[in-house]
Structures are given as C-alpha cells and as structure tokens.
file entry.cif (mmCIF, C-alpha atoms)
data_protein
#
loop_
_atom_site.group_PDB
_atom_site.id
_atom_site.type_symbol
_atom_site.label_atom_id
_atom_site.label_comp_id
_atom_site.auth_asym_id
_atom_site.auth_seq_id
_atom_site.Cartn_x
_atom_site.Cartn_y
_atom_site.Cartn_z
ATOM 1 C CA MET A 1 -54.053 -30.643 -12.016
ATOM 2 C CA LEU A 2 -56.390 -29.409 -14.730
ATOM 3 C CA LEU A 3 -56.596 -25.927 -16.197
ATOM 4 C CA GLY A 4 -59.862 -24.901 -17.803
ATOM 5 C CA GLY A 5 -61.499 -21.791 -19.167
ATOM 6 C CA ASN A 6 -63.853 -20.442 -21.796
ATOM 7 C CA MET A 7 -63.607 -16.659 -21.497
ATOM 8 C CA SER A 8 -61.069 -14.233 -22.913
ATOM 9 C CA ASP A 9 -57.837 -15.528 -24.508
ATOM 10 C CA VAL A 10 -57.731 -18.882 -22.718
ATOM 11 C CA GLN A 11 -54.473 -20.084 -24.274
ATOM 12 C CA SER A 12 -52.650 -16.912 -23.251
ATOM 13 C CA THR A 13 -54.150 -17.153 -19.766
ATOM 14 C CA PHE A 14 -52.853 -20.732 -19.415
ATOM 15 C CA VAL A 15 -49.311 -19.612 -20.307
ATOM 16 C CA GLN A 16 -49.458 -16.784 -17.759
ATOM 17 C CA VAL A 17 -50.911 -19.089 -15.079
ATOM 18 C CA LEU A 18 -48.094 -21.599 -15.567
ATOM 19 C CA VAL A 19 -45.553 -18.785 -15.167
ATOM 20 C CA GLN A 20 -47.176 -17.793 -11.861
ATOM 21 C CA MET A 21 -47.181 -21.423 -10.698
ATOM 22 C CA GLU A 22 -43.412 -21.546 -11.171
ATOM 23 C CA GLU A 23 -43.165 -19.301 -8.083
ATOM 24 C CA PHE A 24 -44.141 -22.223 -5.832
ATOM 25 C CA SER A 25 -43.910 -25.325 -8.019
ATOM 26 C CA ASN A 26 -42.015 -26.909 -10.861
ATOM 27 C CA VAL A 27 -44.022 -27.730 -13.988
ATOM 28 C CA LEU A 28 -42.954 -31.245 -14.993
ATOM 29 C CA SER A 29 -45.331 -31.968 -17.865
ATOM 30 C CA ALA A 30 -48.266 -30.410 -19.695
ATOM 31 C CA SER A 31 -50.711 -31.961 -22.118
ATOM 32 C CA GLY A 32 -51.839 -30.411 -25.333
ATOM 33 C CA LEU A 33 -54.879 -28.171 -25.338
ATOM 34 C CA TYR A 34 -58.309 -29.734 -25.741
ATOM 35 C CA LYS A 35 -61.652 -28.178 -26.636
ATOM 36 C CA THR A 36 -64.964 -29.470 -25.294
ATOM 37 C CA LYS A 37 -68.544 -28.245 -25.403
ATOM 38 C CA ALA A 38 -69.535 -26.549 -22.166
ATOM 39 C CA TRP A 39 -70.470 -29.391 -19.828
ATOM 40 C CA GLY A 40 -73.578 -28.884 -17.672
ATOM 41 C CA MET A 41 -74.248 -25.405 -19.051
ATOM 42 C CA GLU A 42 -76.879 -23.866 -21.290
ATOM 43 C CA GLU A 43 -76.759 -24.075 -25.090
ATOM 44 C CA GLY A 44 -74.626 -21.384 -26.729
ATOM 45 C CA THR A 45 -72.071 -21.189 -23.913
ATOM 46 C CA PRO A 46 -68.564 -20.888 -25.403
ATOM 47 C CA ASP A 47 -66.559 -24.117 -25.596
ATOM 48 C CA PHE A 48 -64.041 -24.833 -22.865
ATOM 49 C CA ILE A 49 -60.342 -25.372 -23.333
ATOM 50 C CA ASN A 50 -58.585 -27.712 -20.898
ATOM 51 C CA GLN A 51 -55.002 -28.721 -20.240
ATOM 52 C CA ALA A 52 -53.630 -31.262 -17.758
ATOM 53 C CA VAL A 53 -50.434 -30.296 -15.947
ATOM 54 C CA ILE A 54 -48.162 -32.208 -13.592
ATOM 55 C CA VAL A 55 -46.211 -30.155 -11.054
ATOM 56 C CA SER A 56 -43.928 -30.887 -8.148
ATOM 57 C CA THR A 57 -44.278 -28.652 -5.133
ATOM 58 C CA PRO A 58 -43.207 -28.518 -1.493
ATOM 59 C CA LEU A 59 -46.688 -27.249 -0.573
ATOM 60 C CA LYS A 60 -49.330 -29.322 1.171
ATOM 61 C CA PRO A 61 -52.540 -29.923 -0.851
ATOM 62 C CA GLU A 62 -54.737 -27.380 0.958
ATOM 63 C CA THR A 63 -52.020 -24.711 0.762
ATOM 64 C CA LEU A 64 -51.641 -25.477 -2.953
ATOM 65 C CA LEU A 65 -55.400 -25.065 -3.402
ATOM 66 C CA ARG A 66 -55.295 -21.621 -1.744
ATOM 67 C CA ARG A 67 -52.431 -20.566 -4.032
ATOM 68 C CA PHE A 68 -54.411 -21.757 -7.061
ATOM 69 C CA GLN A 69 -57.472 -19.818 -5.881
ATOM 70 C CA THR A 70 -55.351 -16.669 -5.556
ATOM 71 C CA ILE A 71 -54.153 -17.121 -9.145
ATOM 72 C CA GLU A 72 -57.760 -17.610 -10.282
ATOM 73 C CA LEU A 73 -58.712 -14.305 -8.612
ATOM 74 C CA ASP A 74 -55.729 -12.578 -10.266
ATOM 75 C CA PHE A 75 -57.191 -13.609 -13.635
ATOM 76 C CA GLY A 76 -60.717 -12.461 -12.864
ATOM 77 C CA ARG A 77 -62.294 -15.701 -11.621
ATOM 78 C CA PHE A 78 -65.045 -14.950 -9.151
ATOM 79 C CA ARG A 79 -67.040 -17.791 -7.680
ATOM 80 C CA LYS A 80 -70.718 -17.276 -6.971
ATOM 81 C CA ASN A 81 -72.534 -19.246 -4.320
ATOM 82 C CA GLY A 82 -74.477 -22.199 -5.576
ATOM 83 C CA ASP A 83 -73.937 -25.330 -7.583
ATOM 84 C CA LYS A 84 -74.517 -23.841 -11.035
ATOM 85 C CA TYR A 85 -71.669 -24.090 -13.561
ATOM 86 C CA GLU A 86 -70.521 -20.777 -15.028
ATOM 87 C CA SER A 87 -68.197 -19.485 -17.710
ATOM 88 C CA ARG A 88 -64.773 -18.557 -16.381
ATOM 89 C CA THR A 89 -61.430 -17.085 -17.368
ATOM 90 C CA ILE A 90 -59.553 -19.805 -15.489
ATOM 91 C CA ASP A 91 -60.302 -22.790 -13.310
ATOM 92 C CA ILE A 92 -57.495 -24.724 -11.636
ATOM 93 C CA ASP A 93 -58.506 -28.083 -10.197
ATOM 94 C CA ILE A 94 -56.329 -30.462 -8.231
ATOM 95 C CA ILE A 95 -57.204 -33.800 -9.804
ATOM 96 C CA PHE A 96 -54.742 -35.896 -7.833
ATOM 97 C CA PHE A 97 -51.761 -35.297 -5.557
ATOM 98 C CA ASP A 98 -49.406 -38.270 -5.711
ATOM 99 C CA ASP A 99 -51.381 -41.107 -4.128
ATOM 100 C CA TYR A 100 -53.010 -38.942 -1.446
ATOM 101 C CA ILE A 101 -56.579 -39.588 -0.427
ATOM 102 C CA LEU A 102 -57.966 -36.473 1.230
ATOM 103 C CA ARG A 103 -61.459 -35.390 2.191
ATOM 104 C CA SER A 104 -61.664 -32.054 3.962
ATOM 105 C CA GLU A 105 -64.196 -29.229 4.017
ATOM 106 C CA ILE A 106 -62.369 -27.444 1.199
ATOM 107 C CA LEU A 107 -60.728 -30.185 -0.844
ATOM 108 C CA THR A 108 -61.249 -33.771 -1.972
ATOM 109 C CA ILE A 109 -58.376 -35.690 -3.570
ATOM 110 C CA PRO A 110 -58.570 -37.442 -5.951
ATOM 111 C CA HIS A 111 -61.125 -35.163 -7.560
ATOM 112 C CA PRO A 112 -64.464 -36.862 -6.815
ATOM 113 C CA ARG A 113 -65.855 -36.722 -10.374
ATOM 114 C CA MET A 114 -62.720 -37.024 -12.495
ATOM 115 C CA GLN A 115 -63.697 -40.504 -13.715
ATOM 116 C CA GLU A 116 -66.994 -39.145 -15.101
ATOM 117 C CA ARG A 117 -65.524 -36.376 -17.251
ATOM 118 C CA ASN A 118 -63.731 -36.909 -20.536
ATOM 119 C CA PHE A 119 -62.518 -33.293 -20.550
ATOM 120 C CA VAL A 120 -60.407 -34.302 -17.534
ATOM 121 C CA LEU A 121 -59.481 -37.830 -18.585
ATOM 122 C CA VAL A 122 -58.402 -37.182 -22.184
ATOM 123 C CA PRO A 123 -55.683 -34.580 -21.442
ATOM 124 C CA LEU A 124 -54.695 -36.458 -18.294
ATOM 125 C CA ALA A 125 -54.292 -39.716 -20.236
ATOM 126 C CA GLU A 126 -51.818 -37.929 -22.525
ATOM 127 C CA ILE A 127 -49.366 -37.202 -19.696
ATOM 128 C CA ALA A 128 -50.314 -39.639 -16.906
ATOM 129 C CA GLY A 129 -52.209 -42.485 -18.552
ATOM 130 C CA ASN A 130 -50.684 -45.118 -16.286
ATOM 131 C CA TRP A 131 -51.363 -43.265 -13.023
ATOM 132 C CA VAL A 132 -53.603 -45.464 -10.863
ATOM 133 C CA HIS A 133 -56.511 -43.879 -9.007
ATOM 134 C CA PRO A 134 -55.840 -44.740 -5.331
ATOM 135 C CA VAL A 135 -59.529 -45.349 -4.544
ATOM 136 C CA LEU A 136 -60.874 -46.883 -7.757
ATOM 137 C CA LEU A 137 -57.633 -48.810 -8.430
ATOM 138 C CA LYS A 138 -57.832 -48.184 -12.180
ATOM 139 C CA SER A 139 -55.378 -46.340 -14.417
ATOM 140 C CA VAL A 140 -56.381 -43.106 -16.111
ATOM 141 C CA LYS A 141 -56.475 -45.026 -19.408
ATOM 142 C CA GLN A 142 -58.871 -47.565 -17.858
ATOM 143 C CA LEU A 143 -61.038 -44.802 -16.402
ATOM 144 C CA LEU A 144 -61.232 -43.185 -19.837
ATOM 145 C CA ALA A 145 -62.183 -46.490 -21.474
ATOM 146 C CA ASP A 146 -64.934 -46.952 -18.854
ATOM 147 C CA SER A 147 -66.111 -43.324 -18.825
ATOM 148 C CA PRO A 148 -69.871 -42.760 -19.056
ATOM 149 C CA ASP A 149 -69.235 -39.346 -20.657
ATOM 150 C CA SER A 150 -70.046 -39.197 -24.374
ATOM 151 C CA LEU A 151 -68.952 -35.574 -24.856
ATOM 152 C CA ALA A 152 -66.299 -35.166 -27.582
ATOM 153 C CA VAL A 153 -62.897 -33.825 -26.524
ATOM 154 C CA ASP A 154 -60.916 -32.442 -29.481
ATOM 155 C CA ARG A 155 -57.228 -31.604 -29.452
ATOM 156 C CA LEU A 156 -56.484 -28.094 -30.724
#
call {"tool": "encode", "arguments": {"input": "entry.cif", "output": "structure tokens"}}
result
Amino acid sequence: MLLGGNMSDVQSTFVQVLVQMEEFSNVLSASGLYKTKAWGMEEGTPDFINQAVIVSTPLKPETLLRRFQTIELDFGRFRKNGDKYESRTIDIDIIFFDDYILRSEILTIPHPRMQERNFVLVPLAEIAGNWVHPVLLKSVKQLLADSPDSLAVDRL
C-alpha cells in the first residue's frame, strides 16, 4: 500500500496510521519517506510525502479498503465528489494485494495507474522492487525504468 499526504504533520500522521493498522494487520516493511511536487494540482500546492508499506492481513481486499477509509476519516480526510485532486492529511491506497487481480465498483487491484507515477514506484521499488505486476508482467523496478513520469521523487 502507499501512504500519502501534504497537510499537517504528515510524518507524525504516518506513524499514527501505522499504529492503527496494527489492529488488523501486521506491518512487514516500510520504505523511507519521499517528497514529490503535488501531482496534477495547481502551482503552490504543498509537496506530498509518500511511503510504501507492506502488510499482512487476514482481511479481504474490499474489507481492508473500508478499514483504510475509516482511518482516513479519523485523520480528517474528507473526499469531495469529482475527479479533481486535493490536498489531504492522509491517503491510503492499496497498490497491490499479493497477486490478486480485482476490478469491482469500489476497488481495482493492482492500482490502475501505479505504473505511471514515480511517487508510487520509487518508494515501492525500495521494499518490493522484484514484485511482478500480475497484469503487466513487469517488476516494480522495470515499471520504474519504463515510467513516463518525469516528476522528481526525493528521499527525505
């Protein structure tokens, strides 16, 4: 999964989010923190911080998503209708779930645009570089090498 945020004390929020996740999952690995310019947002928007995390959980993917959304609400994340990107205290995205391929009304796994976003691929490559995308059949490292995204991703 990928944690992201650009409002408030993001690093502190990430620590608190991981503590809450321990209630229903086991955190196996976490990347360093990475800073990226706000992707798809207007000039002057605060930079985002992202962190990739691998967890094990007995939950099914859609149940896990609902738990993540509850945590987001606990930290002040409110989603507006529409396709516009917005600043946020926390965003928790399921990037992949083992080798599952899932397309439902509420969730698509693997994340449908992960291969287009360096802010996802760079932290993910740190902890799961050899994981192979079950649809594209390329490793995370290969996806990063082929990424069309030119946005810089800097480790904090």
call {"tool": "atom_distance", "arguments": {"input": "entry.cif", "atom1": "CA of Leu136 (chain A)", "atom2": "CA of Gln69 (chain A)"}}
result
27.3 Å
call {"tool": "closest_residue", "arguments": {"input": "entry.cif", "among": "A:Leu144, A:Met1, A:Val27, A:Met21", "to": "Phe96 (chain A)", "atoms": "all atoms listed in the file"}}
result
A:Met1
call {"tool": "resolve_selection", "arguments": {"input": "entry.cif", "expression": "the PyMOL selection byres ((chain A and resi 129) around 10)", "output": "PyMOL selection string"}}
result
chain A and resi 121-128+130-132+139-144
call {"tool": "residues_around", "arguments": {"input": "entry.cif", "residues": "region 62-67 of chain A", "least_positions_apart": "2", "cutoff": "8 Å", "atoms": "all atoms listed in the file", "output": "list in words"}}
result
Leu59, Lys60, Gln69, Thr70, Ile71, Ile94, Ile106 and Leu107 of chain A
call {"tool": "resolve_selection", "arguments": {"input": "entry.cif", "expression": "the PyMOL selection byres ((chain A and resi 84-88) around 7)", "output": "ChimeraX atom specification"}}
result
/A:5-7,40-41,77,82-83,89-91
call {"tool": "write_last_selection", "arguments": {"input": "entry.cif", "atoms": "C-alpha atoms", "output": "PDB file, in the coordinates of the input"}}
result
ATOM      1  CA  GLY A   5     -61.499 -21.791 -19.167  1.00  0.00           C
ATOM      2  CA  ASN A   6     -63.853 -20.442 -21.796  1.00  0.00           C
ATOM      3  CA  MET A   7     -63.607 -16.659 -21.497  1.00  0.00           C
ATOM      4  CA  GLY A  40     -73.578 -28.884 -17.672  1.00  0.00           C
ATOM      5  CA  MET A  41     -74.248 -25.405 -19.051  1.00  0.00           C
ATOM      6  CA  ARG A  77     -62.294 -15.701 -11.621  1.00  0.00           C
ATOM      7  CA  GLY A  82     -74.477 -22.199  -5.576  1.00  0.00           C
ATOM      8  CA  ASP A  83     -73.937 -25.330  -7.583  1.00  0.00           C
ATOM      9  CA  THR A  89     -61.430 -17.085 -17.368  1.00  0.00           C
ATOM     10  CA  ILE A  90     -59.553 -19.805 -15.489  1.00  0.00           C
ATOM     11  CA  ASP A  91     -60.302 -22.790 -13.310  1.00  0.00           C
TER      12      ASP A  91
END
call {"tool": "atom_distance", "arguments": {"input": "entry.cif", "atom1": "CA of Glu116 (chain A)", "atom2": "CA of Phe78 (chain A)"}}
result
25.0 Å
call {"tool": "closest_residue", "arguments": {"input": "entry.cif", "among": "A:Leu2, A:Leu102, A:Phe48, A:Leu73", "to": "Met114 (chain A)", "atoms": "only C-alpha atoms"}}
result
A:Leu2
call {"tool": "resolve_selection", "arguments": {"input": "entry.cif", "expression": "the PyMOL selection byres ((chain A and resi 99) around 9)", "output": "list in words"}}
result
Phe96, Phe97, Asp98, Tyr100, Ile101, Ile109, Pro110, Val132, His133 and Pro134 of chain A
call {"tool": "closest_atom_pairs", "arguments": {"input": "entry.cif", "of": "region 73-134 of chain A", "to": "region 148-151 of chain A", "cutoff": "9 Å", "atoms": "only C-alpha atoms", "output": "CSV"}}
result
residue,atom,partner,partner_atom,distance
A:Gln115,CA,A:Pro148,CA,8.5
A:Glu116,CA,A:Asp149,CA,6.0
A:Arg117,CA,A:Asp149,CA,5.8
A:Asn118,CA,A:Asp149,CA,6.0
A:Phe119,CA,A:Leu151,CA,8.1
call {"tool": "closest_residue", "arguments": {"input": "entry.cif", "among": "A:Asn26, A:Ser147, A:Ser8, A:Val19", "to": "Gly76 (chain A)", "atoms": "only C-alpha atoms"}}
result
A:Ser8
